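J.: Take a look at the following structure, please.
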Amino acid sequence: MKSQYDLIAIGAGSAGLGVSIAMKRLGFEVLLIDRYDQRIGGDCLNDGCVPSKALIHVSRMMHNARRTQPFGWTAEGATDLAAVMQYVRERQDIIRAHENAAYLREAEKLDVALGTASFVGKQEIEVRPTNGGPPERTSARNIILCTGSKPRQLDVEGIDRVNVYTNENIFTLKQLPQRLLVIGAGPIGIEMAQAFQRFGSQVTVVGSEARILDKELPEVSDLLQKRLAEEGIEFKLKSRVNAFRDAHIAEVESAEGRVELVQFDVVLVAIGRTFNYDDLNLAAAGIDLDDQGRLKLNDYLQTTNTHVFAAGDAAAGAPAGQRLFSHAAELHVSTLISNLITPGRVLDKKLTYDYFSWVTFTDPEVATFGLLDDELKKRSIGYERLEYDFAHDDRAIIEDYEYARMILFTEPKGINPFGTKILGGTIIAPNAGELVQELILAIQHKLTAGDFFNKIYPYPTASRVNKSVWVDHISDNLPGIVKKAVKWLY
Ligand SMILES: Cc1cc2nc3c(=O)[nH]c(=O)nc-3n(C[C@H](O)[C@H](O)[C@H](O)COP(=O)(O)OP(=O)(O)OC[C@H]3O[C@@H](n4cnc5c(N)ncnc54)[C@H](O)[C@@H]3O)c2cc1C
Ligand SMILES: NC(=O)c1ccc[n+]([C@@H]2O[C@H](COP(=O)([O-])OP(=O)(O)OC[C@H]3O[C@@H](n4cnc5c(N)ncnc54)[C@H](O)[C@@H]3O)[C@@H](O)[C@H]2O)c1
């Protein structure tokens, strides 16, 4: 470790890796710090995106195998959860081969310190090595806080008697629980609920909101909940676990005050996140938190110390809002780098989520992008709502999509409907996360309905829906004057 760097990144998850590798490749002296070698890659690699998506992949294979019965095949058996988790670990290890301290030092020429970082001055930090050596001090022109988040704990009576898991240890389970109680109906709870139900657990989801995935449009939440209920998941929404009566019985109370007992073997708590600022000694650097305990940031991801910025989950206090995703970390990193390397604040880019998107990897997937109706109303932006239900989509018919819908928010149609642009929307469908990519590009580059209309899509690709939605909308709403003009030309 040198005594001075151009940039220090604290935390080596999606944000810290992204900013440190990019800045090093640009020619700067960079130090990357994380507590342990095994934490490099952060939540995404170790107990977030990668293990959850590997688990979902296996559960989907099992579900699809069961669906072959009408065609003369029979797939049956009990899930060997230890083998599933072994598969998950193997996938993680493949990625870990290029996300570890030795590799980063060798291949990226990065300085990597393994220890806990805390501030001792405005631009100075101390690293307490995890292996117990003496603390070392170093400083930098700019420091980026990439310290991520951790699961919010559930504090109810009797929880100490219960076999309780979070995303930090659920992937170590070796035996499939017969009955799994999931607390929290956000993306973690819902993705894991479907995977475990498909493995063979009886899953009950308790959520405090009136619907699952409450950041999605209500009709999308409802459609997905119907599908999950058909698969056998039980829901107790607008409800909370009050207490655990013993190691297998939870007392669940609805908002109306009705109390029910739910039996379970294992509990998964997924009720949101808190942030890892405790060890940082932020006061020593003049860095303030907001009234919700998140970093106080400006539009440029800068803390109250002008030399210290935040990226990734740690940047949840940004005025643009809270987006806890690996690709939000990518957006923060690209915004920060572009601001750090351009001279003068006038050219600085503000953080914006106007073109942001996310995908919940249920089956069907839910993909959401751009500005939805609530935000459009808040900003007084006029819009039209287009809905496409896939009923006449040949690919959906061929592959028997059960629950699919596309909802787009577009500019109000002007005289020339082909000039209409998309503002945002959501798709629930198999592979919605892939279907939506073209639409995200369209909002970012201001493509119009005409651009989709004029594109010829190979038949029967799933993304033909991105054109069909416009074909239906425009042909149903062609102004009389346009029809008259066309007839006259004919
Ligand atoms: C179950 C689950 C599934 C998810 N699925 C997806 C998905 O499919 N797609 C998606 O985009 N996002 C997903 N996410 C969210 C995604 O994992 C996070 O948004 C992302 O990992 C955040 O990255 P980060 O770099 O901000 O923080 P982290 O990955 O949390 O990294 C922070 C690092 O900082 C280190 N650190 C903290 N304090 C200190 C200190 N004082 N000194 C040294 N080091 C420190 C920690 O050890 C940690 O390694 C999922 C999350 C979970 C929990
Ligand atoms: N596919 C993906 O991209 C993906 C997948 C998983 C997680 N993530 C990210 O990780 C973040 C954290 O996920 P999460 O699901 O823990 O959090 P979340 O905050 O998104 O959802 C948690 C849900 O639990 C509810 N809740 C809170 N306290 C409760 C209680 N006591 N009892 C019952 N319900 C309660 C909340 O109201 C909320 O609906 C997400 O915001 C998301 O950004 C992303």
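FYI, nothing fancy with the structure tokens labels: chains A, B, ... in order, residues from 1 per chain, ligands from 1 as they appear.
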As an MDAnalysis selection string, list the residues of region 243-413 of chain A assigned to strand (DSSP E or B) by DSSP on the backbone atoms of this structure.

T.: chainID A and resid 243:246 249:254 259:263 266:269 273:275 289 295 302 308:310 357:360 365:370 384:388 405:410

J.: For Gly200 (chain A), find every residue with an atom within 8 Å (counting only C-alpha atoms), except residues of its own chain fewer than 5 positions away, and show them as a list in words.

T.: Ala78, Thr79, Leu176 and Gln178 of chain A

J.: Which chains and residue numbers are within 6 Å of ligand 2, counting only C-alpha atoms and all ligand atoms, if I want them as a count of residues only?

T.: 24

J.: Give me, as number ranges by chain, the set of residues whose atoms come within 7 Å of any atom of ligand 1, counting only C-alpha atoms and all ligand atoms.

T.: A: 10-16, 33-36, 39-44, 47-49, 52-53, 115-118, 146-150, 167, 188, 276-277, 279-280, 311-314, 324-329, 358, 360-361

J.: Excluding Val88 (chain A) and any residue of its chain fewer than 5 positions from it, enumerate the residues within 12 Å of it, using only C-alpha atoms, and give them as number ranges by chain.

T.: A: 45-59, 81-83, 93-95, 170-174

J.: When you count only C-alpha atoms, which of these residues is closest to Trp470 (chain A): A:Pro343, A:Gly77, A:Pro417, A:Gly257?

T.: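 With only C-alpha atoms as the atom set, the closest residue is A:Pro417.
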
J.: For a quick check of understanding, using only C-alpha atoms, which of A:Ile190, A:Phe71, A:Leu180, A:Asn242 has the smallest distance to Phe264 (chain A)?

T.: A:Leu180

J.: Hey, what does DSSP flag as alpha helix (DSSP H) within region 35-168 of chain A? Can you give it to me as a ChimeraX atom specification?

T.: /A:42-47,49-66,81-96,101-107

J.: Create the file for the chosen residues now, containing N, CA and C atoms and written as a tab-separated table (two decimals), in the first residue's frame.

T.:
chain	number	residue	atom	x	y	z
A	42	GLY	N	-18.42	-8.75	-3.80
A	42	GLY	CA	-19.52	-8.21	-2.99
A	42	GLY	C	-20.74	-9.12	-2.95
A	43	ASP	N	-21.88	-8.48	-2.70
A	43	ASP	CA	-23.14	-9.21	-2.60
A	43	ASP	C	-23.49	-9.91	-3.90
A	44	CYS	N	-23.24	-9.25	-5.01
A	44	CYS	CA	-23.70	-9.77	-6.30
A	44	CYS	C	-23.13	-11.17	-6.53
A	45	LEU	N	-21.82	-11.31	-6.36
A	45	LEU	CA	-21.19	-12.61	-6.58
A	45	LEU	C	-21.45	-13.56	-5.41
A	46	ASN	N	-21.35	-13.04	-4.19
A	46	ASN	CA	-21.30	-13.95	-3.04
A	46	ASN	C	-22.65	-14.35	-2.48
A	47	ASP	N	-23.58	-13.40	-2.35
A	47	ASP	CA	-24.88	-13.80	-1.82
A	47	ASP	C	-26.04	-13.01	-2.41
A	49	CYS	N	-27.03	-11.60	-6.70
A	49	CYS	CA	-27.45	-11.92	-8.07
A	49	CYS	C	-27.00	-13.31	-8.55
A	50	VAL	N	-25.71	-13.59	-8.40
A	50	VAL	CA	-25.18	-14.82	-9.03
A	50	VAL	C	-25.77	-16.09	-8.40
A	51	PRO	N	-25.66	-16.26	-7.05
A	51	PRO	CA	-26.25	-17.48	-6.50
A	51	PRO	C	-27.76	-17.54	-6.70
A	52	SER	N	-28.46	-16.39	-6.60
A	52	SER	CA	-29.92	-16.46	-6.73
A	52	SER	C	-30.32	-16.83	-8.15
A	53	LYS	N	-29.60	-16.28	-9.13
A	53	LYS	CA	-29.98	-16.60	-10.51
A	53	LYS	C	-29.59	-18.04	-10.89
A	54	ALA	N	-28.51	-18.55	-10.29
A	54	ALA	CA	-28.14	-19.96	-10.54
A	54	ALA	C	-29.20	-20.89	-9.95
A	55	LEU	N	-29.66	-20.53	-8.75
A	55	LEU	CA	-30.70	-21.33	-8.07
A	55	LEU	C	-32.00	-21.30	-8.90
A	56	ILE	N	-32.36	-20.12	-9.37
A	56	ILE	CA	-33.57	-19.96	-10.17
A	56	ILE	C	-33.45	-20.78	-11.46
A	57	HIS	N	-32.27	-20.80	-12.05
A	57	HIS	CA	-32.04	-21.56	-13.28
A	57	HIS	C	-32.37	-23.04	-13.06
A	58	VAL	N	-31.87	-23.60	-11.94
A	58	VAL	CA	-32.11	-25.02	-11.68
A	58	VAL	C	-33.60	-25.26	-11.40
A	59	SER	N	-34.21	-24.35	-10.64
A	59	SER	CA	-35.63	-24.56	-10.30
A	59	SER	C	-36.50	-24.48	-11.55
A	60	ARG	N	-36.10	-23.66	-12.50
A	60	ARG	CA	-36.86	-23.54	-13.75
A	60	ARG	C	-36.73	-24.82	-14.59
A	61	MET	N	-35.50	-25.40	-14.59
A	61	MET	CA	-35.32	-26.67	-15.32
A	61	MET	C	-36.27	-27.72	-14.74
A	62	MET	N	-36.35	-27.78	-13.42
A	62	MET	CA	-37.20	-28.79	-12.79
A	62	MET	C	-38.67	-28.55	-13.13
A	63	HIS	N	-39.07	-27.29	-13.07
A	63	HIS	CA	-40.47	-26.95	-13.37
A	63	HIS	C	-40.80	-27.33	-14.82
A	64	ASN	N	-39.90	-27.00	-15.74
A	64	ASN	CA	-40.16	-27.30	-17.15
A	64	ASN	C	-40.19	-28.80	-17.40
A	65	ALA	N	-39.31	-29.54	-16.68
A	65	ALA	CA	-39.29	-30.99	-16.85
A	65	ALA	C	-40.64	-31.58	-16.44
A	66	ARG	N	-41.22	-31.05	-15.36
A	66	ARG	CA	-42.53	-31.55	-14.90
A	66	ARG	C	-43.61	-31.29	-15.92
A	81	LEU	N	-31.08	-30.75	-2.62
A	81	LEU	CA	-30.70	-29.34	-2.46
A	81	LEU	C	-29.18	-29.18	-2.32
A	82	ALA	N	-28.53	-30.17	-1.72
A	82	ALA	CA	-27.07	-30.08	-1.58
A	82	ALA	C	-26.43	-30.03	-2.98
A	83	ALA	N	-26.97	-30.83	-3.91
A	83	ALA	CA	-26.43	-30.83	-5.28
A	83	ALA	C	-26.73	-29.50	-5.98
A	84	VAL	N	-27.91	-28.96	-5.71
A	84	VAL	CA	-28.27	-27.66	-6.31
A	84	VAL	C	-27.27	-26.59	-5.81
A	85	MET	N	-27.02	-26.59	-4.50
A	85	MET	CA	-26.13	-25.58	-3.92
A	85	MET	C	-24.69	-25.79	-4.40
A	86	GLN	N	-24.34	-27.03	-4.65
A	86	GLN	CA	-23.01	-27.32	-5.21
A	86	GLN	C	-22.89	-26.67	-6.60
A	87	TYR	N	-23.96	-26.81	-7.40
A	87	TYR	CA	-23.99	-26.18	-8.73
A	87	TYR	C	-23.84	-24.65	-8.59
A	88	VAL	N	-24.57	-24.10	-7.61
A	88	VAL	CA	-24.52	-22.65	-7.37
A	88	VAL	C	-23.09	-22.24	-7.04
A	89	ARG	N	-22.45	-23.00	-6.13
A	89	ARG	CA	-21.07	-22.66	-5.71
A	89	ARG	C	-20.10	-22.76	-6.89
A	90	GLU	N	-20.29	-23.79	-7.73
A	90	GLU	CA	-19.40	-23.94	-8.89
A	90	GLU	C	-19.51	-22.74	-9.83
A	91	ARG	N	-20.75	-22.26	-10.04
A	91	ARG	CA	-20.92	-21.08	-10.92
A	91	ARG	C	-20.22	-19.88	-10.29
A	92	GLN	N	-20.35	-19.73	-8.97
A	92	GLN	CA	-19.69	-18.59	-8.29
A	92	GLN	C	-18.17	-18.70	-8.45
A	93	ASP	N	-17.66	-19.93	-8.29
A	93	ASP	CA	-16.20	-20.11	-8.35
A	93	ASP	C	-15.64	-19.74	-9.73
A	94	ILE	N	-16.42	-20.01	-10.78
A	94	ILE	CA	-15.95	-19.66	-12.13
A	94	ILE	C	-15.75	-18.14	-12.22
A	95	ILE	N	-16.71	-17.40	-11.67
A	95	ILE	CA	-16.61	-15.93	-11.72
A	95	ILE	C	-15.51	-15.45	-10.75
A	96	ARG	N	-15.42	-16.14	-9.60
A	96	ARG	CA	-14.44	-15.73	-8.58
A	96	ARG	C	-13.00	-15.84	-9.11
A	101	ALA	N	-8.22	-11.02	-5.05
A	101	ALA	CA	-7.13	-10.06	-4.87
A	101	ALA	C	-5.93	-10.39	-5.77
A	102	ALA	N	-5.53	-11.68	-5.81
A	102	ALA	CA	-4.33	-12.05	-6.58
A	102	ALA	C	-4.54	-11.72	-8.06
A	103	TYR	N	-5.72	-12.06	-8.58
A	103	TYR	CA	-5.99	-11.80	-10.00
A	103	TYR	C	-5.97	-10.29	-10.29
A	104	LEU	N	-6.61	-9.51	-9.41
A	104	LEU	CA	-6.70	-8.06	-9.66
A	104	LEU	C	-5.32	-7.41	-9.60
A	105	ARG	N	-4.47	-7.92	-8.67
A	105	ARG	CA	-3.11	-7.37	-8.57
A	105	ARG	C	-2.32	-7.72	-9.82
A	106	GLU	N	-2.47	-8.95	-10.27
A	106	GLU	CA	-1.68	-9.46	-11.40
A	106	GLU	C	-2.21	-8.92	-12.74
A	107	ALA	N	-3.51	-9.13	-12.99
A	107	ALA	CA	-4.05	-8.82	-14.33
A	107	ALA	C	-4.37	-7.35	-14.49

J.: Rounded to one decimal, what separation in Å do you get between CA of Gly317 (chain A) and CA of Leu295 (chain A)?

T.: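 Going from CA of Gly317 (chain A) over to CA of Leu295 (chain A) covers 5.3 Å.
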
J.: Counting only C-alpha atoms, what is within 10 Å of Ile407 (chain A), bar same-chain residues fewer than 2 positions away, as a PyMOL selection string?

T.: chain A and resi 217+219-220+368+372+385-389+405+409-410+424-428+469

J.: Measuring between only C-alpha atoms, which one of A:Gly370, A:Gly158, A:Pro135, A:Gly27 shows the shortest distance to Leu7 (chain A)?

T.: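 Of A:Gly370, A:Gly158, A:Pro135, A:Gly27, the one nearest Leu7 (chain A), counting only C-alpha atoms, is A:Gly27.
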